[in-house]
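start_39.pdb follows; it contains PDB, C-alpha atoms, pLDDT in the B column.
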ATOM      1  CA  MET A   1      -5.214  25.027   2.618  1.00 85.00           C
ATOM      2  CA  LYS A   2      -3.227  23.754   5.604  1.00 97.00           C
ATOM      3  CA  THR A   3      -2.329  25.781   8.681  1.00 98.00           C
ATOM      4  CA  ALA A   4       1.090  25.497  10.287  1.00 98.00           C
ATOM      5  CA  LEU A   5       2.869  26.914  13.312  1.00 99.00           C
ATOM      6  CA  ILE A   6       6.655  27.115  13.417  1.00 98.00           C
ATOM      7  CA  THR A   7       8.393  28.144  16.617  1.00 98.00           C
ATOM      8  CA  GLY A   8      11.584  30.178  16.326  1.00 97.00           C
ATOM      9  CA  ALA A   9      10.554  31.111  12.798  1.00 97.00           C
ATOM     10  CA  ASN A  10      11.952  34.623  12.579  1.00 96.00           C
ATOM     11  CA  LYS A  11      15.380  33.428  11.393  1.00 93.00           C
ATOM     12  CA  GLY A  12      17.467  30.501  10.244  1.00 94.00           C
ATOM     13  CA  LEU A  13      15.910  27.101   9.651  1.00 94.00           C
ATOM     14  CA  GLY A  14      12.540  28.174  11.031  1.00 95.00           C
ATOM     15  CA  ARG A  15      12.299  31.125   8.670  1.00 97.00           C
ATOM     16  CA  GLU A  16      13.326  29.071   5.645  1.00 97.00           C
ATOM     17  CA  THR A  17      10.838  26.343   6.556  1.00 98.00           C
ATOM     18  CA  ALA A  18       8.116  28.969   6.863  1.00 98.00           C
ATOM     19  CA  ARG A  19       9.022  30.427   3.472  1.00 98.00           C
ATOM     20  CA  ARG A  20       8.835  27.033   1.815  1.00 97.00           C
ATOM     21  CA  LEU A  21       5.529  26.052   3.403  1.00 98.00           C
ATOM     22  CA  ILE A  22       4.008  29.409   2.475  1.00 98.00           C
ATOM     23  CA  THR A  23       5.183  28.888  -1.104  1.00 98.00           C
ATOM     24  CA  ALA A  24       3.491  25.476  -1.005  1.00 98.00           C
ATOM     25  CA  GLY A  25       0.205  27.152  -0.085  1.00 98.00           C
ATOM     26  CA  HIS A  26       0.141  26.764   3.690  1.00 98.00           C
ATOM     27  CA  THR A  27      -1.087  29.437   6.064  1.00 98.00           C
ATOM     28  CA  VAL A  28       1.907  29.737   8.370  1.00 98.00           C
ATOM     29  CA  TYR A  29       2.037  31.269  11.816  1.00 98.00           C
ATOM     30  CA  ILE A  30       5.491  32.728  12.345  1.00 98.00           C
ATOM     31  CA  GLY A  31       6.222  31.994  15.990  1.00 98.00           C
ATOM     32  CA  ALA A  32       8.838  34.087  17.789  1.00 98.00           C
ATOM     33  CA  ARG A  33       9.360  35.565  21.241  1.00 96.00           C
ATOM     34  CA  ASP A  34      10.477  39.007  20.041  1.00 96.00           C
ATOM     35  CA  GLU A  35       7.527  41.081  18.804  1.00 96.00           C
ATOM     36  CA  ARG A  36       9.450  43.253  16.343  1.00 97.00           C
ATOM     37  CA  ARG A  37      11.311  40.368  14.752  1.00 96.00           C
ATOM     38  CA  CYS A  38       8.147  38.318  14.646  1.00 97.00           C
ATOM     39  CA  GLU A  39       6.248  41.065  12.818  1.00 97.00           C
ATOM     40  CA  GLU A  40       9.111  41.740  10.407  1.00 97.00           C
ATOM     41  CA  ALA A  41       9.501  38.093   9.471  1.00 97.00           C
ATOM     42  CA  ALA A  42       5.768  37.592   8.994  1.00 98.00           C
ATOM     43  CA  THR A  43       5.491  40.689   6.811  1.00 98.00           C
ATOM     44  CA  SER A  44       8.484  39.677   4.719  1.00 97.00           C
ATOM     45  CA  LEU A  45       7.343  36.087   4.230  1.00 98.00           C
ATOM     46  CA  GLY A  46       3.609  36.599   3.956  1.00 98.00           C
ATOM     47  CA  GLY A  47       2.847  34.672   7.114  1.00 98.00           C
ATOM     48  CA  ARG A  48       0.934  35.474  10.279  1.00 98.00           C
ATOM     49  CA  PRO A  49       2.889  36.651  13.325  1.00 98.00           C
ATOM     50  CA  VAL A  50       2.250  35.024  16.677  1.00 98.00           C
ATOM     51  CA  LEU A  51       4.194  35.784  19.832  1.00 98.00           C
ATOM     52  CA  ILE A  52       5.278  32.598  21.557  1.00 98.00           C
ATOM     53  CA  ASP A  53       8.014  32.087  24.104  1.00 98.00           C
ATOM     54  CA  VAL A  54       8.345  28.335  24.501  1.00 98.00           C
ATOM     55  CA  THR A  55       9.844  28.768  27.971  1.00 98.00           C
ATOM     56  CA  ASP A  56       6.724  30.519  29.284  1.00 98.00           C
ATOM     57  CA  ASP A  57       3.462  28.659  29.907  1.00 98.00           C
ATOM     58  CA  ASP A  58       1.250  31.740  29.632  1.00 98.00           C
ATOM     59  CA  SER A  59       2.808  32.751  26.318  1.00 98.00           C
ATOM     60  CA  VAL A  60       2.327  29.272  24.843  1.00 98.00           C
ATOM     61  CA  TRP A  61      -1.300  28.976  25.950  1.00 98.00           C
ATOM     62  CA  ALA A  62      -2.053  32.493  24.662  1.00 98.00           C
ATOM     63  CA  ALA A  63      -0.664  31.540  21.247  1.00 98.00           C
ATOM     64  CA  ALA A  64      -2.747  28.376  21.195  1.00 98.00           C
ATOM     65  CA  GLU A  65      -5.874  30.293  22.124  1.00 98.00           C
ATOM     66  CA  ARG A  66      -5.277  32.846  19.397  1.00 98.00           C
ATOM     67  CA  ILE A  67      -4.880  30.199  16.701  1.00 98.00           C
ATOM     68  CA  ARG A  68      -7.936  28.358  18.029  1.00 98.00           C
ATOM     69  CA  GLU A  69      -9.995  31.527  17.735  1.00 98.00           C
ATOM     70  CA  GLU A  70      -8.719  32.397  14.263  1.00 98.00           C
ATOM     71  CA  VAL A  71      -8.724  29.024  12.483  1.00 98.00           C
ATOM     72  CA  GLY A  72      -9.921  26.406  14.982  1.00 98.00           C
ATOM     73  CA  HIS A  73      -7.347  23.783  14.085  1.00 98.00           C
ATOM     74  CA  LEU A  74      -3.680  23.167  13.301  1.00 98.00           C
ATOM     75  CA  ASP A  75      -2.381  20.847  10.598  1.00 98.00           C
ATOM     76  CA  VAL A  76       1.366  21.171  11.079  1.00 98.00           C
ATOM     77  CA  LEU A  77       3.419  21.965  14.172  1.00 99.00           C
ATOM     78  CA  VAL A  78       7.160  22.446  13.761  1.00 98.00           C
ATOM     79  CA  ASN A  79       8.963  22.559  17.102  1.00 98.00           C
ATOM     80  CA  ASN A  80      11.997  24.414  15.805  1.00 97.00           C
ATOM     81  CA  ALA A  81      12.988  26.804  18.606  1.00 97.00           C
ATOM     82  CA  GLY A  82      16.255  25.691  20.170  1.00 95.00           C
ATOM     83  CA  VAL A  83      19.313  26.930  22.025  1.00 94.00           C
ATOM     84  CA  LEU A  84      22.875  25.671  22.389  1.00 88.00           C
ATOM     85  CA  GLY A  85      23.137  26.799  25.991  1.00 89.00           C
ATOM     86  CA  PRO A  86      26.170  26.473  28.259  1.00 87.00           C
ATOM     87  CA  GLY A  87      27.516  23.159  29.435  1.00 76.00           C
ATOM     88  CA  ASN A  88      29.966  21.911  26.814  1.00 78.00           C
ATOM     89  CA  ASP A  89      32.345  20.355  29.345  1.00 83.00           C
ATOM     90  CA  ALA A  90      31.019  17.081  30.718  1.00 84.00           C
ATOM     91  CA  ARG A  91      33.273  17.418  33.743  1.00 88.00           C
ATOM     92  CA  GLY A  92      32.210  20.928  34.686  1.00 89.00           C
ATOM     93  CA  THR A  93      28.608  21.164  33.508  1.00 90.00           C
ATOM     94  CA  THR A  94      26.153  21.885  36.305  1.00 93.00           C
ATOM     95  CA  ALA A  95      22.479  21.080  36.678  1.00 94.00           C
ATOM     96  CA  ALA A  96      21.784  24.787  36.130  1.00 94.00           C
ATOM     97  CA  ASP A  97      23.655  24.630  32.810  1.00 93.00           C
ATOM     98  CA  LEU A  98      21.534  21.692  31.715  1.00 94.00           C
ATOM     99  CA  ARG A  99      18.361  23.449  32.762  1.00 96.00           C
ATOM    100  CA  ILE A 100      19.023  26.356  30.380  1.00 96.00           C
ATOM    101  CA  ALA A 101      19.218  24.082  27.347  1.00 96.00           C
ATOM    102  CA  TYR A 102      16.429  21.772  28.502  1.00 97.00           C
ATOM    103  CA  GLU A 103      14.048  24.663  29.210  1.00 98.00           C
ATOM    104  CA  THR A 104      13.832  25.395  25.485  1.00 98.00           C
ATOM    105  CA  ASN A 105      14.878  22.180  23.758  1.00 98.00           C
ATOM    106  CA  VAL A 106      12.893  19.738  25.890  1.00 98.00           C
ATOM    107  CA  PHE A 107      10.430  21.415  28.254  1.00 98.00           C
ATOM    108  CA  GLY A 108       9.568  23.970  25.569  1.00 98.00           C
ATOM    109  CA  VAL A 109       8.563  21.202  23.184  1.00 98.00           C
ATOM    110  CA  VAL A 110       6.418  19.623  25.892  1.00 98.00           C
ATOM    111  CA  ARG A 111       4.702  22.953  26.614  1.00 98.00           C
ATOM    112  CA  VAL A 112       3.969  23.670  22.971  1.00 98.00           C
ATOM    113  CA  THR A 113       2.932  20.150  22.024  1.00 98.00           C
ATOM    114  CA  ARG A 114       0.584  19.828  25.001  1.00 98.00           C
ATOM    115  CA  ALA A 115      -1.053  23.181  24.290  1.00 98.00           C
ATOM    116  CA  PHE A 116      -1.555  22.476  20.590  1.00 98.00           C
ATOM    117  CA  LEU A 117      -2.577  18.812  20.692  1.00 98.00           C
ATOM    118  CA  PRO A 118      -6.302  19.707  20.855  1.00 98.00           C
ATOM    119  CA  LEU A 119      -5.923  21.851  17.727  1.00 98.00           C
ATOM    120  CA  LEU A 120      -3.940  19.140  15.944  1.00 98.00           C
ATOM    121  CA  GLU A 121      -6.692  16.666  16.777  1.00 98.00           C
ATOM    122  CA  GLU A 122      -9.081  18.861  14.770  1.00 98.00           C
ATOM    123  CA  SER A 123      -6.977  18.305  11.628  1.00 98.00           C
ATOM    124  CA  ALA A 124      -7.701  15.553   9.117  1.00 97.00           C
ATOM    125  CA  ALA A 125      -3.969  14.792   8.799  1.00 98.00           C
ATOM    126  CA  PRO A 126      -1.995  16.309  11.685  1.00 98.00           C
ATOM    127  CA  VAL A 127       1.793  16.440  11.559  1.00 98.00           C
ATOM    128  CA  VAL A 128       4.412  17.314  14.182  1.00 99.00           C
ATOM    129  CA  VAL A 129       8.077  17.818  13.318  1.00 98.00           C
ATOM    130  CA  ASN A 130      10.603  18.089  16.138  1.00 98.00           C
ATOM    131  CA  VAL A 131      13.840  19.684  14.988  1.00 98.00           C
ATOM    132  CA  SER A 132      16.541  17.610  16.639  1.00 97.00           C
ATOM    133  CA  SER A 133      20.202  17.011  15.769  1.00 93.00           C
ATOM    134  CA  GLY A 134      22.460  14.146  14.836  1.00 89.00           C
ATOM    135  CA  LEU A 135      24.346  15.091  17.980  1.00 89.00           C
ATOM    136  CA  GLY A 136      21.405  13.635  19.866  1.00 91.00           C
ATOM    137  CA  SER A 137      22.009  10.160  18.431  1.00 92.00           C
ATOM    138  CA  SER A 138      23.363   7.982  21.222  1.00 89.00           C
ATOM    139  CA  THR A 139      24.280   5.326  18.666  1.00 89.00           C
ATOM    140  CA  MET A 140      26.529   7.654  16.721  1.00 83.00           C
ATOM    141  CA  ALA A 141      27.921   9.297  19.851  1.00 80.00           C
ATOM    142  CA  GLY A 142      29.288   5.881  20.766  1.00 78.00           C
ATOM    143  CA  ASP A 143      30.777   5.347  17.305  1.00 77.00           C
ATOM    144  CA  PRO A 144      32.868   8.393  16.233  1.00 66.00           C
ATOM    145  CA  ASP A 145      33.421   6.985  12.754  1.00 67.00           C
ATOM    146  CA  ARG A 146      29.712   7.190  12.028  1.00 63.00           C
ATOM    147  CA  PHE A 147      29.649  10.873  12.908  1.00 57.00           C
ATOM    148  CA  ALA A 148      31.790  11.594   9.861  1.00 57.00           C
ATOM    149  CA  SER A 149      28.668  11.070   7.761  1.00 55.00           C
ATOM    150  CA  ILE A 150      26.890  14.061   9.295  1.00 51.00           C
ATOM    151  CA  LEU A 151      29.481  16.223  11.064  1.00 55.00           C
ATOM    152  CA  PRO A 152      33.173  16.977  10.530  1.00 51.00           C
ATOM    153  CA  ALA A 153      33.827  16.228  14.193  1.00 53.00           C
ATOM    154  CA  TYR A 154      31.908  15.211  17.294  1.00 60.00           C
ATOM    155  CA  TYR A 155      30.951  18.282  19.311  1.00 71.00           C
ATOM    156  CA  PRO A 156      31.050  17.418  23.034  1.00 74.00           C
ATOM    157  CA  ALA A 157      28.209  19.623  24.261  1.00 86.00           C
ATOM    158  CA  LEU A 158      26.757  17.752  27.215  1.00 91.00           C
ATOM    159  CA  ALA A 159      23.732  20.006  27.666  1.00 93.00           C
ATOM    160  CA  TYR A 160      22.782  20.427  24.006  1.00 93.00           C
ATOM    161  CA  ASN A 161      23.481  16.858  22.881  1.00 92.00           C
ATOM    162  CA  SER A 162      21.628  15.249  25.768  1.00 95.00           C
ATOM    163  CA  SER A 163      18.691  17.634  25.309  1.00 97.00           C
ATOM    164  CA  LYS A 164      18.329  16.493  21.711  1.00 96.00           C
ATOM    165  CA  ALA A 165      18.541  12.852  22.787  1.00 97.00           C
ATOM    166  CA  ALA A 166      15.724  13.594  25.247  1.00 98.00           C
ATOM    167  CA  LEU A 167      13.753  15.287  22.466  1.00 98.00           C
ATOM    168  CA  ASN A 168      14.088  12.156  20.342  1.00 98.00           C
ATOM    169  CA  SER A 169      12.684  10.094  23.191  1.00 98.00           C
ATOM    170  CA  LEU A 170       9.764  12.501  23.512  1.00 98.00           C
ATOM    171  CA  THR A 171       9.086  12.072  19.811  1.00 98.00           C
ATOM    172  CA  VAL A 172       8.696   8.319  20.174  1.00 98.00           C
ATOM    173  CA  GLN A 173       6.389   8.675  23.170  1.00 98.00           C
ATOM    174  CA  TYR A 174       4.185  11.271  21.491  1.00 98.00           C
ATOM    175  CA  ALA A 175       3.978   9.186  18.310  1.00 98.00           C
ATOM    176  CA  ARG A 176       2.852   6.091  20.204  1.00 98.00           C
ATOM    177  CA  ALA A 177       0.307   8.052  22.223  1.00 98.00           C
ATOM    178  CA  ASN A 178      -1.120   9.739  19.102  1.00 98.00           C
ATOM    179  CA  PRO A 179      -1.262   7.094  16.353  1.00 98.00           C
ATOM    180  CA  LYS A 180      -3.434   9.251  14.082  1.00 97.00           C
ATOM    181  CA  MET A 181      -0.705  11.901  13.915  1.00 98.00           C
ATOM    182  CA  ARG A 182       2.570  11.802  12.014  1.00 98.00           C
ATOM    183  CA  ILE A 183       5.199  12.786  14.601  1.00 98.00           C
ATOM    184  CA  ASN A 184       8.903  12.637  13.782  1.00 98.00           C
ATOM    185  CA  SER A 185      12.303  14.029  14.734  1.00 98.00           C
ATOM    186  CA  VAL A 186      14.578  15.449  12.051  1.00 98.00           C
ATOM    187  CA  ASP A 187      18.272  16.260  11.816  1.00 94.00           C
ATOM    188  CA  PRO A 188      18.880  19.250   9.514  1.00 91.00           C
ATOM    189  CA  GLY A 189      22.603  18.469   9.455  1.00 78.00           C
ATOM    190  CA  HIS A 190      25.544  20.794  10.092  1.00 68.00           C
ATOM    191  CA  THR A 191      23.818  23.953   8.891  1.00 59.00           C
ATOM    192  CA  ALA A 192      25.203  27.485   9.074  1.00 45.00           C
ATOM    193  CA  THR A 193      22.967  29.281  11.587  1.00 69.00           C
ATOM    194  CA  ASP A 194      23.287  31.619  14.549  1.00 60.00           C
ATOM    195  CA  LEU A 195      23.315  28.552  16.802  1.00 63.00           C
ATOM    196  CA  ASN A 196      26.805  27.559  15.643  1.00 56.00           C
ATOM    197  CA  GLY A 197      28.119  30.972  14.680  1.00 58.00           C
ATOM    198  CA  HIS A 198      27.435  30.156  11.007  1.00 60.00           C
ATOM    199  CA  SER A 199      30.181  27.544  11.047  1.00 56.00           C
ATOM    200  CA  GLY A 200      27.998  24.867   9.459  1.00 54.00           C
ATOM    201  CA  THR A 201      28.875  23.398   6.087  1.00 59.00           C
ATOM    202  CA  GLN A 202      25.310  23.420   4.733  1.00 72.00           C
ATOM    203  CA  THR A 203      23.145  26.339   3.701  1.00 84.00           C
ATOM    204  CA  VAL A 204      19.899  27.048   5.520  1.00 78.00           C
ATOM    205  CA  ALA A 205      18.037  25.980   2.387  1.00 82.00           C
ATOM    206  CA  GLU A 206      19.781  22.601   2.449  1.00 87.00           C
ATOM    207  CA  GLY A 207      19.161  22.163   6.165  1.00 89.00           C
ATOM    208  CA  ALA A 208      15.468  22.958   5.849  1.00 92.00           C
ATOM    209  CA  ASP A 209      14.880  20.278   3.207  1.00 94.00           C
ATOM    210  CA  ILE A 210      14.226  17.456   5.674  1.00 97.00           C
ATOM    211  CA  ILE A 211      12.066  19.661   7.910  1.00 98.00           C
ATOM    212  CA  VAL A 212       9.843  20.622   4.993  1.00 98.00           C
ATOM    213  CA  ARG A 213       9.722  17.060   3.688  1.00 97.00           C
ATOM    214  CA  LEU A 214       8.476  15.671   7.007  1.00 98.00           C
ATOM    215  CA  ALA A 215       6.132  18.634   7.532  1.00 98.00           C
ATOM    216  CA  MET A 216       4.353  17.717   4.308  1.00 98.00           C
ATOM    217  CA  VAL A 217       3.900  13.971   4.814  1.00 97.00           C
ATOM    218  CA  GLY A 218       0.426  12.546   4.382  1.00 96.00           C
ATOM    219  CA  PRO A 219      -1.600  10.265   6.672  1.00 97.00           C
ATOM    220  CA  ASP A 220       0.289   7.246   5.310  1.00 97.00           C
ATOM    221  CA  GLY A 221       3.696   8.780   6.071  1.00 97.00           C
ATOM    222  CA  PRO A 222       6.155   7.619   8.730  1.00 98.00           C
ATOM    223  CA  SER A 223       5.730   8.357  12.417  1.00 98.00           C
ATOM    224  CA  GLY A 224       7.914   7.890  15.464  1.00 98.00           C
ATOM    225  CA  GLY A 225      11.141   8.079  13.466  1.00 98.00           C
ATOM    226  CA  PHE A 226      14.345  10.104  13.273  1.00 98.00           C
ATOM    227  CA  TYR A 227      15.309  11.292   9.805  1.00 98.00           C
ATOM    228  CA  GLY A 228      18.048  13.188   8.010  1.00 94.00           C
ATOM    229  CA  SER A 229      18.484  14.129   4.393  1.00 89.00           C
ATOM    230  CA  LYS A 230      19.863  10.662   3.578  1.00 89.00           C
ATOM    231  CA  GLY A 231      17.165   8.710   5.391  1.00 94.00           C
ATOM    232  CA  PRO A 232      16.631   7.253   8.870  1.00 96.00           C
ATOM    233  CA  ILE A 233      19.136   8.098  11.606  1.00 93.00           C
ATOM    234  CA  PRO A 234      19.893   5.621  14.409  1.00 93.00           C
ATOM    235  CA  TRP A 235      18.700   6.598  17.856  1.00 92.00           C
TER     236      TRP A 235
END

Render the structure in this file as structure tokens.
Amino acid sequence: MKTALITGANKGLGRETARRLITAGHTVYIGARDERRCEEAATSLGGRPVLIDVTDDDSVWAAAERIREEVGHLDVLVNNAGVLGPGNDARGTTAADLRIAYETNVFGVVRVTRAFLPLLEESAAPVVVNVSSGLGSSTMAGDPDRFASILPAYYPALAYNSSKAALNSLTVQYARANPKMRINSVDPGHTATDLNGHSGTQTVAEGADIIVRLAMVGPDGPSGGFYGSKGPIPW
């Protein structure tokens, strides 16, 4: 039986990913920063609640210590927690606006990954999935026609889009530094979640497909890539 941790797992894509991995036989830690919602989601899904605020070092290290004490290893880490944040206007966005999005979408992933790397190293086939976005593809941002394949229109969110591009870069660096792990970025597509006011054209179940698929790859699976439901996505 494999053990997984999913951040931001009390709702949306994280919750659906947790449900699917639990159904597949994984022991899943439902990571969330709100205690009540964390407990409710874990009870409903049959997972284990763990409080984790990816923007807080103490919270992240406490979660890692708890999982170390309870199971001693981690097979799958899904860095799912993310925020849209302010800063949609490239002309008016401030450094403070960027910091809000980066604190969760970039620095949060660094905090969590660093804290859990020792537990992942105890796994026979460790996997890390970073939930990114096609909006973080610099290639497609420079070619609007290509965006039609994943989004109805390019969304000019300077803070969010650049944070996901940074996350993709982190993925490559972590994959190269940890060749025994399978570490990838995924684009769930334009999925209806709280993040976009449920304006997405895909269901949460459809969006979670690629997350689950990459979370369940074996030791011979890909690493250091960026994938969507239709295959590799250009950086």

Could you list the residues chosen by the PyMOL selection byres ((chain A and resi 206) around 9) in this structure as an MDAnalysis selection string? chainID A and resid 188:189 191 202:205 207:210 229

So that I can see what lies close to Pro126 (chain A), please list as a list in words the residues with an atom at most 6 Å from it, counting only C-alpha atoms and leaving out residues fewer than 5 positions away in the same chain.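 Neighbouring residues, sequence-local ones excluded: Asp75, Val76, Leu120 and Met181 of chain A.
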
Straight-line distance linking CA of Lys2 (chain A) with CA of Glu69 (chain A), stated in Å to one decimal: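 Going from CA of Lys2 (chain A) over to CA of Glu69 (chain A), I get 15.9 Å.
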
Which residue of A:Leu117, A:Ala124, A:Ala42, A:Ala62 approaches Ala177 (chain A) most closely, using all atoms listed in the file: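 Of A:Leu117, A:Ala124, A:Ala42, A:Ala62, the one nearest Ala177 (chain A) is A:Leu117, counting all atoms listed in the file.
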
Selected residue, from A:Ala157, A:Ala115, A:Val131, A:Leu13, that lies nearest to Thr93 (chain A) when counting only C-alpha atoms: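 Closest candidate: A:Ala157.
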
Applying 10 Å and all atoms listed in the file, which residues near Ser44 (chain A) remain after dropping the ones on its own chain fewer than 5 positions away? List them as an MDAnalysis selection string. chainID A and resid 10 19 39

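With all atoms listed in the file taken into account, the protein and nucleic acid residues at most 12 Å from Gln173 (chain A) (excluding it and anything under 6 positions from it in its own chain) are Val110, Ala166, Leu167, Pro179, Ile183, Asn184, Ser185, Ser223, Gly224 and Gly225 of chain A.
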
Name the residues that the PyMOL selection byres ((chain A and resi 90) around 10) picks from the file above, as a ChimeraX atom specification, using the file's chain letters and numbers. /A:87-89,91-94,156-159

Could you turn the residues from that selection into a file that holds C-alpha atoms, as a PDB file, keeping the file's coordinate frame?
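Dumped to result.pdb:
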ATOM      1  CA  GLY A  87      27.516  23.159  29.435  1.00 76.00           C
ATOM      2  CA  ASN A  88      29.966  21.911  26.814  1.00 78.00           C
ATOM      3  CA  ASP A  89      32.345  20.355  29.345  1.00 83.00           C
ATOM      4  CA  ARG A  91      33.273  17.418  33.743  1.00 88.00           C
ATOM      5  CA  GLY A  92      32.210  20.928  34.686  1.00 89.00           C
ATOM      6  CA  THR A  93      28.608  21.164  33.508  1.00 90.00           C
ATOM      7  CA  THR A  94      26.153  21.885  36.305  1.00 93.00           C
ATOM      8  CA  PRO A 156      31.050  17.418  23.034  1.00 74.00           C
ATOM      9  CA  ALA A 157      28.209  19.623  24.261  1.00 86.00           C
ATOM     10  CA  LEU A 158      26.757  17.752  27.215  1.00 91.00           C
ATOM     11  CA  ALA A 159      23.732  20.006  27.666  1.00 93.00           C
TER      12      ALA A 159
END

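For the atom pair formed by CA of Ala32 (chain A) and CA of Ala81 (chain A), the distance is 8.4 Å, given to one decimal.
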
Using only C-alpha atoms, pick whichever of A:Pro118, A:Gly108, A:Pro234, A:Gly14 has the shortest atom-to-atom distance to Asp56 (chain A).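 Counting only C-alpha atoms, the residue closest to Asp56 (chain A) is A:Gly108.
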
Given the file shown, determine the residues that the PyMOL selection byres ((chain A and resi 228) around 7) selects; report them as a tab-separated table (two decimals) with C-alpha atoms, keeping the file's coordinate frame.
chain	number	residue	atom	x	y	z
A	186	VAL	CA	14.58	15.45	12.05
A	187	ASP	CA	18.27	16.26	11.82
A	188	PRO	CA	18.88	19.25	9.51
A	210	ILE	CA	14.23	17.46	5.67
A	227	TYR	CA	15.31	11.29	9.80
A	229	SER	CA	18.48	14.13	4.39
A	230	LYS	CA	19.86	10.66	3.58
A	231	GLY	CA	17.16	8.71	5.39
A	232	PRO	CA	16.63	7.25	8.87
A	233	ILE	CA	19.14	8.10	11.61
